[in-house]
Each structure stands twice: as structure tokens, then as C-alpha cells.
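Accompanying notes for the structure given below.
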Amino acid sequence: MPKVYARRLTVAAGTVLALVGTVALTGTTAEAAPPSPPSAATARTYLSEIKEQPEGSSDGYSRDKFPHWITQEGACNTREVVLKRDGTDVKTDDKCAAVSGTWVSPYDDIKTTDASSFDIDHVVPLSEAWKSGASAWTTAHRQDFANDLTHSQLVAVSATSNRTKGDKDPANWLPPKTSYRCEYARMWVWVKHTYELTADSAEKAKLKEILSGC
């Protein structure tokens, strides 16, 4: 296992324990947002280091090849941890399901008090990852990617925005909330750089355009 990947897993485990522990004790969120991505300047450097190549084939792709919403701690799975992290005044039952709280989607500012109406978005979609290099990964590596709480890969958002986005990259979809696009680009680049995924020319061009205005 590469040293950088092993280190990432160690940090991830510590982050999950901290998040779950904080929520269990207080009934509120630990961060109310995904982990902060690098600065725009750092993201521009990371973007230049991402290998540019055409998107690969989707042949063989299945969401089942990215086991997600795995158990993180106790009764809490990944989705439940993200909902507690990204909400305000979240309270859960003994099965870790959110029973009350408030959530605001950073993509479009839609607000809800019903956790079931929100999706957990993979910032870099699973299908996009598959076509950018993840098809060659082990299932264990894909599972880590699909449940990554250490980087800005998971975020609670409105079902409308998540389903409109689908598996599109930034050349084809950006958050409707324009003021969030810089943050989104930084998040995307951080994830792709961390996992050594590739990016096609249109994707890199759009990201460069956004980051140059941050």
C-alpha cells in the first residue's frame, strides 16, 4: 500500500471517530460542512499536476463496485455521519438516523428539516471516477473513495441538485449557486489530485477558468 494512501486512511479513521463522538455528545454538528479544500492557489497547482487525458470507457461500471454507506462507528453509516456533520442541531435515534435538524444545500440554498429529502453527493461522481482511473482500482480502494470523510468528496445537498448533476463533470455542470463554484472547483480538484485521477481537456479548462477567478 502506498505510504500516502496509508496515511490518508489513518487520518480518515481519526476524523470519523471525532465526528461521531462529537455528535453523540452534543446532538449538534461538528463542522456543518465538508472538510475545507485547499486554497485556490494550491488548487491551481494541483490542477496542473492532474494528468490530462480523454475520459475512459464506462464499460463494466456499476455503483456496486464502489461499496458505499458502510458502517463508520457503532450504528452510524457514512450517510448518517455526513448528515450529522452538515446539518445544524441534528438529533438522532438509537439507530443513528437523523430525527430532527436543519440542512441547507450549498449547491442551491434549498433548506429542509427532513433529512430524507437530502442526498449525499459524491463531489467527483463514482461513474466519473471509474472513467478517470478508478476502473483499475481494487474494490477496497473504491470503497474508501466512496466513503471518504477526510477530503471534500461527500456533501449533503438537495435531491434536485444532486440528480440534475448526475455524473457530469464541471465542464457540463456546476452548482446553481454561483458563489459556491470556486469552493466546488477546489473540492473537485482536491479529490482528483488526492486519488491520482485523470481529467479530460474540457474539464481542466473549465476548472482553470473558475480557479483563476477565485
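Following the order of the C-alpha cells, first chain is A, next is B, and so on, with residues numbered from 1 inside each chain and ligands from 1 in the order they appear.
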**OP:** Could you pull out the residues in region 103-145 of chain A that DSSP calls strand (DSSP E) from the backbone, as JSON, numbers by chain?
**Re:** {"A": [103, 104, 111, 112, 118, 119, 120, 121, 122]}
Keeping only N, CA, C and O atoms, write those residues as an mmCIF file, in the first residue's frame.
data_model
loop_
_atom_site.group_PDB
_atom_site.id
_atom_site.type_symbol
_atom_site.label_atom_id
_atom_site.label_comp_id
_atom_site.auth_asym_id
_atom_site.auth_seq_id
_atom_site.Cartn_x
_atom_site.Cartn_y
_atom_site.Cartn_z
ATOM 1 N N TRP A 103 -30.971 21.425 7.450
ATOM 2 C CA TRP A 103 -29.927 21.277 6.441
ATOM 3 C C TRP A 103 -30.137 22.316 5.344
ATOM 4 O O TRP A 103 -31.271 22.577 4.942
ATOM 5 N N VAL A 104 -29.033 22.904 4.882
ATOM 6 C CA VAL A 104 -29.078 23.857 3.775
ATOM 7 C C VAL A 104 -28.119 23.354 2.702
ATOM 8 O O VAL A 104 -26.926 23.164 2.963
ATOM 9 N N LYS A 111 -33.398 24.629 1.671
ATOM 10 C CA LYS A 111 -33.353 24.322 3.097
ATOM 11 C C LYS A 111 -34.398 23.271 3.436
ATOM 12 O O LYS A 111 -35.486 23.247 2.852
ATOM 13 N N THR A 112 -34.075 22.389 4.373
ATOM 14 C CA THR A 112 -35.025 21.368 4.794
ATOM 15 C C THR A 112 -34.836 21.010 6.266
ATOM 16 O O THR A 112 -33.761 21.224 6.824
ATOM 17 N N PHE A 118 -32.818 14.943 1.494
ATOM 18 C CA PHE A 118 -31.500 15.333 1.002
ATOM 19 C C PHE A 118 -30.710 14.099 0.564
ATOM 20 O O PHE A 118 -30.872 13.011 1.119
ATOM 21 N N ASP A 119 -29.858 14.306 -0.440
ATOM 22 C CA ASP A 119 -28.942 13.261 -0.896
ATOM 23 C C ASP A 119 -27.543 13.565 -0.381
ATOM 24 O O ASP A 119 -27.231 14.712 -0.031
ATOM 25 N N ILE A 120 -26.694 12.548 -0.371
ATOM 26 C CA ILE A 120 -25.270 12.759 -0.116
ATOM 27 C C ILE A 120 -24.573 12.670 -1.467
ATOM 28 O O ILE A 120 -24.563 11.624 -2.107
ATOM 29 N N ASP A 121 -24.050 13.789 -1.912
ATOM 30 C CA ASP A 121 -23.405 13.843 -3.222
ATOM 31 C C ASP A 121 -21.954 13.418 -3.143
ATOM 32 O O ASP A 121 -21.225 13.828 -2.229
ATOM 33 N N HIS A 122 -21.530 12.585 -4.084
ATOM 34 C CA HIS A 122 -20.105 12.350 -4.297
ATOM 35 C C HIS A 122 -19.638 13.477 -5.204
ATOM 36 O O HIS A 122 -20.053 13.551 -6.368
#
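Taking region 112-147 of chain A and asking which residues DSSP calls helix (DSSP H, G or I) on the backbone, you get Ala115, Ser116, Ser117, Leu126, Ser127, Glu128, Ala129, Trp130, Lys131, Ala134, Ser135, Ala136, Thr139, Ala140, His141, Arg142, Gln143, Asp144, Phe145 and Ala146 of chain A.
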**OP:** Using CA of Pro34 (chain A) and CA of Ser152 (chain A) as the two end points, give the distance in Å to one decimal.
**Re:** 5.5 Å
**OP:** Between A:Ser201, A:Ser179, A:Ser58, A:Asn147, single out the one closest to Ile70 (chain A), counting only C-alpha atoms.
**Re:** A:Asn147
Mind checking which residues fall within 7 Å of Leu211 (chain A), counting only C-alpha atoms, ignoring those fewer than 3 positions away in the same chain, and posting them as a PDB file with all heavy atoms, in the first residue's frame?
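Result file out.pdb:
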ATOM      1  N   ALA A  40      -7.298  28.396  -3.425  1.00  0.00           N
ATOM      2  CA  ALA A  40      -7.367  28.450  -4.885  1.00  0.00           C
ATOM      3  C   ALA A  40      -5.965  28.334  -5.496  1.00  0.00           C
ATOM      4  O   ALA A  40      -5.779  27.673  -6.523  1.00  0.00           O
ATOM      5  CB  ALA A  40      -8.030  29.745  -5.335  1.00  0.00           C
ATOM      6  N   ARG A  44      -4.870  25.422  -7.972  1.00  0.00           N
ATOM      7  CA  ARG A  44      -4.341  25.655  -9.324  1.00  0.00           C
ATOM      8  C   ARG A  44      -3.086  24.817  -9.556  1.00  0.00           C
ATOM      9  O   ARG A  44      -2.875  24.263 -10.644  1.00  0.00           O
ATOM     10  CB  ARG A  44      -4.061  27.143  -9.540  1.00  0.00           C
ATOM     11  CG  ARG A  44      -5.313  27.986  -9.723  1.00  0.00           C
ATOM     12  CD  ARG A  44      -4.993  29.388 -10.210  1.00  0.00           C
ATOM     13  NE  ARG A  44      -4.351  30.205  -9.199  1.00  0.00           N
ATOM     14  CZ  ARG A  44      -5.000  30.980  -8.329  1.00  0.00           C
ATOM     15  NH1 ARG A  44      -6.321  31.025  -8.341  1.00  0.00           N
ATOM     16  NH2 ARG A  44      -4.335  31.725  -7.456  1.00  0.00           N
ATOM     17  N   CYS A 182     -16.408  28.426  -6.845  1.00  0.00           N
ATOM     18  CA  CYS A 182     -14.983  28.396  -6.534  1.00  0.00           C
ATOM     19  C   CYS A 182     -14.693  27.287  -5.525  1.00  0.00           C
ATOM     20  O   CYS A 182     -13.759  26.505  -5.681  1.00  0.00           O
ATOM     21  CB  CYS A 182     -14.527  29.744  -5.998  1.00  0.00           C
ATOM     22  SG  CYS A 182     -12.762  29.795  -5.576  1.00  0.00           S
ATOM     23  N   ALA A 185     -14.997  23.910  -7.244  1.00  0.00           N
ATOM     24  CA  ALA A 185     -13.836  23.603  -8.086  1.00  0.00           C
ATOM     25  C   ALA A 185     -12.650  23.171  -7.229  1.00  0.00           C
ATOM     26  O   ALA A 185     -11.917  22.235  -7.577  1.00  0.00           O
ATOM     27  CB  ALA A 185     -13.466  24.817  -8.930  1.00  0.00           C
ATOM     28  N   LEU A 207     -12.169  24.091 -15.025  1.00  0.00           N
ATOM     29  CA  LEU A 207     -11.641  24.238 -13.669  1.00  0.00           C
ATOM     30  C   LEU A 207     -10.609  25.373 -13.607  1.00  0.00           C
ATOM     31  O   LEU A 207     -10.593  26.161 -12.653  1.00  0.00           O
ATOM     32  CB  LEU A 207     -11.023  22.921 -13.196  1.00  0.00           C
ATOM     33  CG  LEU A 207     -12.030  21.811 -12.882  1.00  0.00           C
ATOM     34  CD1 LEU A 207     -11.313  20.452 -12.807  1.00  0.00           C
ATOM     35  CD2 LEU A 207     -12.763  22.106 -11.575  1.00  0.00           C
ATOM     36  N   LYS A 208      -9.766  25.459 -14.615  1.00  0.00           N
ATOM     37  CA  LYS A 208      -8.765  26.521 -14.663  1.00  0.00           C
ATOM     38  C   LYS A 208      -9.453  27.877 -14.725  1.00  0.00           C
ATOM     39  O   LYS A 208      -9.042  28.841 -14.053  1.00  0.00           O
ATOM     40  CB  LYS A 208      -7.853  26.334 -15.879  1.00  0.00           C
ATOM     41  CG  LYS A 208      -6.751  27.364 -15.991  1.00  0.00           C
ATOM     42  CD  LYS A 208      -5.833  27.074 -17.178  1.00  0.00           C
ATOM     43  CE  LYS A 208      -4.712  28.091 -17.274  1.00  0.00           C
ATOM     44  NZ  LYS A 208      -3.828  27.806 -18.452  1.00  0.00           N
ATOM     45  N   CYS A 214     -10.992  32.947  -8.592  1.00  0.00           N
ATOM     46  CA  CYS A 214     -11.216  32.804  -7.154  1.00  0.00           C
ATOM     47  C   CYS A 214     -10.405  33.817  -6.356  1.00  0.00           C
ATOM     48  O   CYS A 214      -9.244  34.075  -6.710  1.00  0.00           O
ATOM     49  CB  CYS A 214     -10.836  31.386  -6.690  1.00  0.00           C
ATOM     50  SG  CYS A 214     -11.962  30.116  -7.320  1.00  0.00           S
TER      51      CYS A 214
END
**OP:** Identify which of the residues A:Gln53, A:Gln143, A:Lys204, A:Pro38 lies closest to Thr71 (chain A), counting only C-alpha atoms when measuring atom-to-atom distances.
**Re:**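 Distance minimum relative to Thr71 (chain A) lands on A:Gln143.
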Original post:
Which residue gives the smallest distance to Thr150 (chain A) among A:Lys177, A:Thr45, A:Met187, A:Thr138, with only C-alpha atoms counted?
Top reply: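 The closest residue to Thr150 (chain A) is A:Met187.
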Subject >> Gln153 (chain A) surroundings by only C-alpha atoms, 12 Å radius, close-in-sequence under 5 positions cut, as an NGL selection string >> reply: :A and (33-37 or 78 or 82 or 120-126 or 129 or 144-148 or 184-195)
Go ahead and save the picked residues with N, CA and C atoms, as a CSV table (one decimal), in the first residue's frame.
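Output contents, as saved in again_33.csv:
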chain,number,residue,atom,x,y,z
A,33,ALA,N,-20.2,21.4,7.6
A,33,ALA,CA,-19.7,21.5,6.2
A,33,ALA,C,-18.6,20.4,6.0
A,34,PRO,N,-18.4,20.1,4.7
A,34,PRO,CA,-17.3,19.1,4.4
A,34,PRO,C,-16.0,19.7,4.8
A,35,PRO,N,-14.9,18.9,4.9
A,35,PRO,CA,-13.6,19.4,5.1
A,35,PRO,C,-13.2,20.5,4.1
A,36,SER,N,-12.6,21.5,4.6
A,36,SER,CA,-12.2,22.6,3.7
A,36,SER,C,-11.2,22.2,2.7
A,37,PRO,N,-11.4,22.5,1.4
A,37,PRO,CA,-10.4,22.2,0.4
A,37,PRO,C,-9.2,23.1,0.5
A,78,THR,N,-21.9,5.9,6.7
A,78,THR,CA,-21.4,7.1,6.1
A,78,THR,C,-22.4,8.2,5.9
A,82,VAL,N,-22.4,12.0,7.5
A,82,VAL,CA,-22.4,13.3,6.7
A,82,VAL,C,-23.6,14.1,7.1
A,120,ILE,N,-26.7,12.5,-0.4
A,120,ILE,CA,-25.3,12.8,-0.1
A,120,ILE,C,-24.6,12.7,-1.5
A,121,ASP,N,-24.1,13.8,-1.9
A,121,ASP,CA,-23.4,13.8,-3.2
A,121,ASP,C,-22.0,13.4,-3.1
A,122,HIS,N,-21.5,12.6,-4.1
A,122,HIS,CA,-20.1,12.4,-4.3
A,122,HIS,C,-19.6,13.5,-5.2
A,123,VAL,N,-18.8,14.4,-4.7
A,123,VAL,CA,-18.4,15.5,-5.5
A,123,VAL,C,-17.8,15.1,-6.8
A,124,VAL,N,-16.9,14.2,-6.8
A,124,VAL,CA,-16.4,13.5,-8.0
A,124,VAL,C,-17.3,12.2,-8.1
A,125,PRO,N,-18.3,12.2,-9.0
A,125,PRO,CA,-19.2,11.1,-9.1
A,125,PRO,C,-18.5,9.7,-9.3
A,126,LEU,N,-19.1,8.7,-8.9
A,126,LEU,CA,-18.5,7.4,-8.9
A,126,LEU,C,-18.2,7.0,-10.4
A,129,ALA,N,-15.3,8.9,-11.7
A,129,ALA,CA,-14.0,8.3,-11.1
A,129,ALA,C,-13.7,7.0,-11.9
A,144,ASP,N,-13.1,3.0,-0.2
A,144,ASP,CA,-12.5,4.1,0.6
A,144,ASP,C,-12.9,5.4,-0.1
A,145,PHE,N,-12.8,5.5,-1.4
A,145,PHE,CA,-13.2,6.7,-2.2
A,145,PHE,C,-14.6,7.0,-2.0
A,146,ALA,N,-15.5,6.0,-2.0
A,146,ALA,CA,-16.9,6.3,-2.0
A,146,ALA,C,-17.4,6.7,-0.6
A,147,ASN,N,-16.5,6.5,0.4
A,147,ASN,CA,-16.9,6.8,1.8
A,147,ASN,C,-15.9,7.8,2.5
A,148,ASP,N,-15.2,8.5,1.7
A,148,ASP,CA,-14.1,9.4,2.2
A,148,ASP,C,-14.7,10.6,2.9
A,184,TYR,N,-16.5,24.7,-5.0
A,184,TYR,CA,-16.7,23.4,-5.6
A,184,TYR,C,-15.6,23.0,-6.5
A,185,ALA,N,-15.0,23.9,-7.2
A,185,ALA,CA,-13.8,23.6,-8.1
A,185,ALA,C,-12.7,23.2,-7.2
A,186,ARG,N,-12.4,23.9,-6.1
A,186,ARG,CA,-11.4,23.5,-5.2
A,186,ARG,C,-11.6,22.1,-4.6
A,187,MET,N,-12.8,21.8,-4.3
A,187,MET,CA,-13.2,20.5,-3.8
A,187,MET,C,-12.9,19.4,-4.8
A,188,TRP,N,-13.3,19.6,-6.0
A,188,TRP,CA,-13.2,18.6,-7.1
A,188,TRP,C,-11.7,18.4,-7.4
A,189,VAL,N,-10.9,19.4,-7.5
A,189,VAL,CA,-9.5,19.3,-7.8
A,189,VAL,C,-8.8,18.5,-6.6
A,190,TRP,N,-9.1,18.9,-5.4
A,190,TRP,CA,-8.5,18.2,-4.3
A,190,TRP,C,-8.7,16.7,-4.3
A,191,VAL,N,-10.0,16.3,-4.6
A,191,VAL,CA,-10.3,14.9,-4.6
A,191,VAL,C,-9.6,14.2,-5.8
A,192,LYS,N,-9.6,14.8,-7.0
A,192,LYS,CA,-9.0,14.1,-8.1
A,192,LYS,C,-7.5,14.1,-7.9
A,193,HIS,N,-6.9,15.1,-7.4
A,193,HIS,CA,-5.4,15.1,-7.2
A,193,HIS,C,-5.0,14.0,-6.1
A,194,THR,N,-5.8,14.0,-5.0
A,194,THR,CA,-5.5,13.0,-4.0
A,194,THR,C,-5.6,11.6,-4.5
A,195,TYR,N,-6.5,11.3,-5.3
A,195,TYR,CA,-6.7,9.9,-5.8
A,195,TYR,C,-6.0,9.6,-7.1
Can you pull out every residue within 7 Å of Thr139 (chain A), counting only C-alpha atoms, but drop anything in the same chain fewer than 2 positions away, and send it as a PDB file with N, CA, C and O atoms, in the first residue's frame?
ATOM      1  N   LYS A  65     -19.659  -1.547  -7.467  1.00  0.00           N
ATOM      2  CA  LYS A  65     -18.202  -1.709  -7.418  1.00  0.00           C
ATOM      3  C   LYS A  65     -17.552  -0.645  -6.542  1.00  0.00           C
ATOM      4  O   LYS A  65     -16.333  -0.637  -6.365  1.00  0.00           O
ATOM      5  N   PHE A  66     -18.379   0.256  -6.015  1.00  0.00           N
ATOM      6  CA  PHE A  66     -17.938   1.287  -5.065  1.00  0.00           C
ATOM      7  C   PHE A  66     -18.794   1.126  -3.805  1.00  0.00           C
ATOM      8  O   PHE A  66     -19.703   1.932  -3.564  1.00  0.00           O
ATOM      9  N   TRP A 137      -8.730   0.227 -10.002  1.00  0.00           N
ATOM     10  CA  TRP A 137      -8.520   0.099  -8.563  1.00  0.00           C
ATOM     11  C   TRP A 137      -9.074  -1.227  -8.035  1.00  0.00           C
ATOM     12  O   TRP A 137      -9.904  -1.872  -8.684  1.00  0.00           O
ATOM     13  N   HIS A 141     -10.172  -0.076  -2.482  1.00  0.00           N
ATOM     14  CA  HIS A 141      -9.797   1.310  -2.759  1.00  0.00           C
ATOM     15  C   HIS A 141     -11.021   2.108  -3.188  1.00  0.00           C
ATOM     16  O   HIS A 141     -11.224   3.254  -2.758  1.00  0.00           O
ATOM     17  N   ARG A 142     -11.863   1.505  -4.025  1.00  0.00           N
ATOM     18  CA  ARG A 142     -13.078   2.191  -4.456  1.00  0.00           C
ATOM     19  C   ARG A 142     -14.023   2.425  -3.275  1.00  0.00           C
ATOM     20  O   ARG A 142     -14.711   3.445  -3.200  1.00  0.00           O
ATOM     21  N   GLN A 143     -14.042   1.495  -2.334  1.00  0.00           N
ATOM     22  CA  GLN A 143     -14.869   1.676  -1.132  1.00  0.00           C
ATOM     23  C   GLN A 143     -14.378   2.873  -0.316  1.00  0.00           C
ATOM     24  O   GLN A 143     -15.186   3.683   0.160  1.00  0.00           O
TER      25      GLN A 143
END
**OP:** Please provide the set of residues having any atom within 8 Å of Ser105 (chain A), restricted to only C-alpha atoms, with same-chain residues fewer than 2 positions apart removed, written as a ChimeraX atom specification.
**Re:** /A:103,107-111,156-158
**OP:** Using only C-alpha atoms, determine which residues lie at most 10 Å from Glu52 (chain A), disregarding the query and same-chain residues fewer than 5 positions distant; provide the list as number ranges by chain.
**Re:** A: 47, 132, 197-204
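Of the residues under consideration (A:Tyr61, A:Ala41, A:Glu209, A:Cys96), A:Tyr61 shows the shortest atom-to-atom contact distance to Ala134 (chain A) when counting only C-alpha atoms.
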Original post:
How many Å lie between CA of Ala98 (chain A) and CA of Arg79 (chain A), rounded to one decimal?
Top reply: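 About the pair CA of Ala98 (chain A) and CA of Arg79 (chain A): they are 10.3 Å apart.
Checking A:Pro176, A:Val155, A:Arg181, A:Ala32 one by one against Thr102 (chain A), counting only C-alpha atoms, you find the shortest gap at A:Ala32.
Among the candidate residues A:Ser100, A:Asn162, A:Ser48, A:Asn77, the one lying nearest to Thr113 (chain A) is A:Ser100, with distances computed using only C-alpha atoms.
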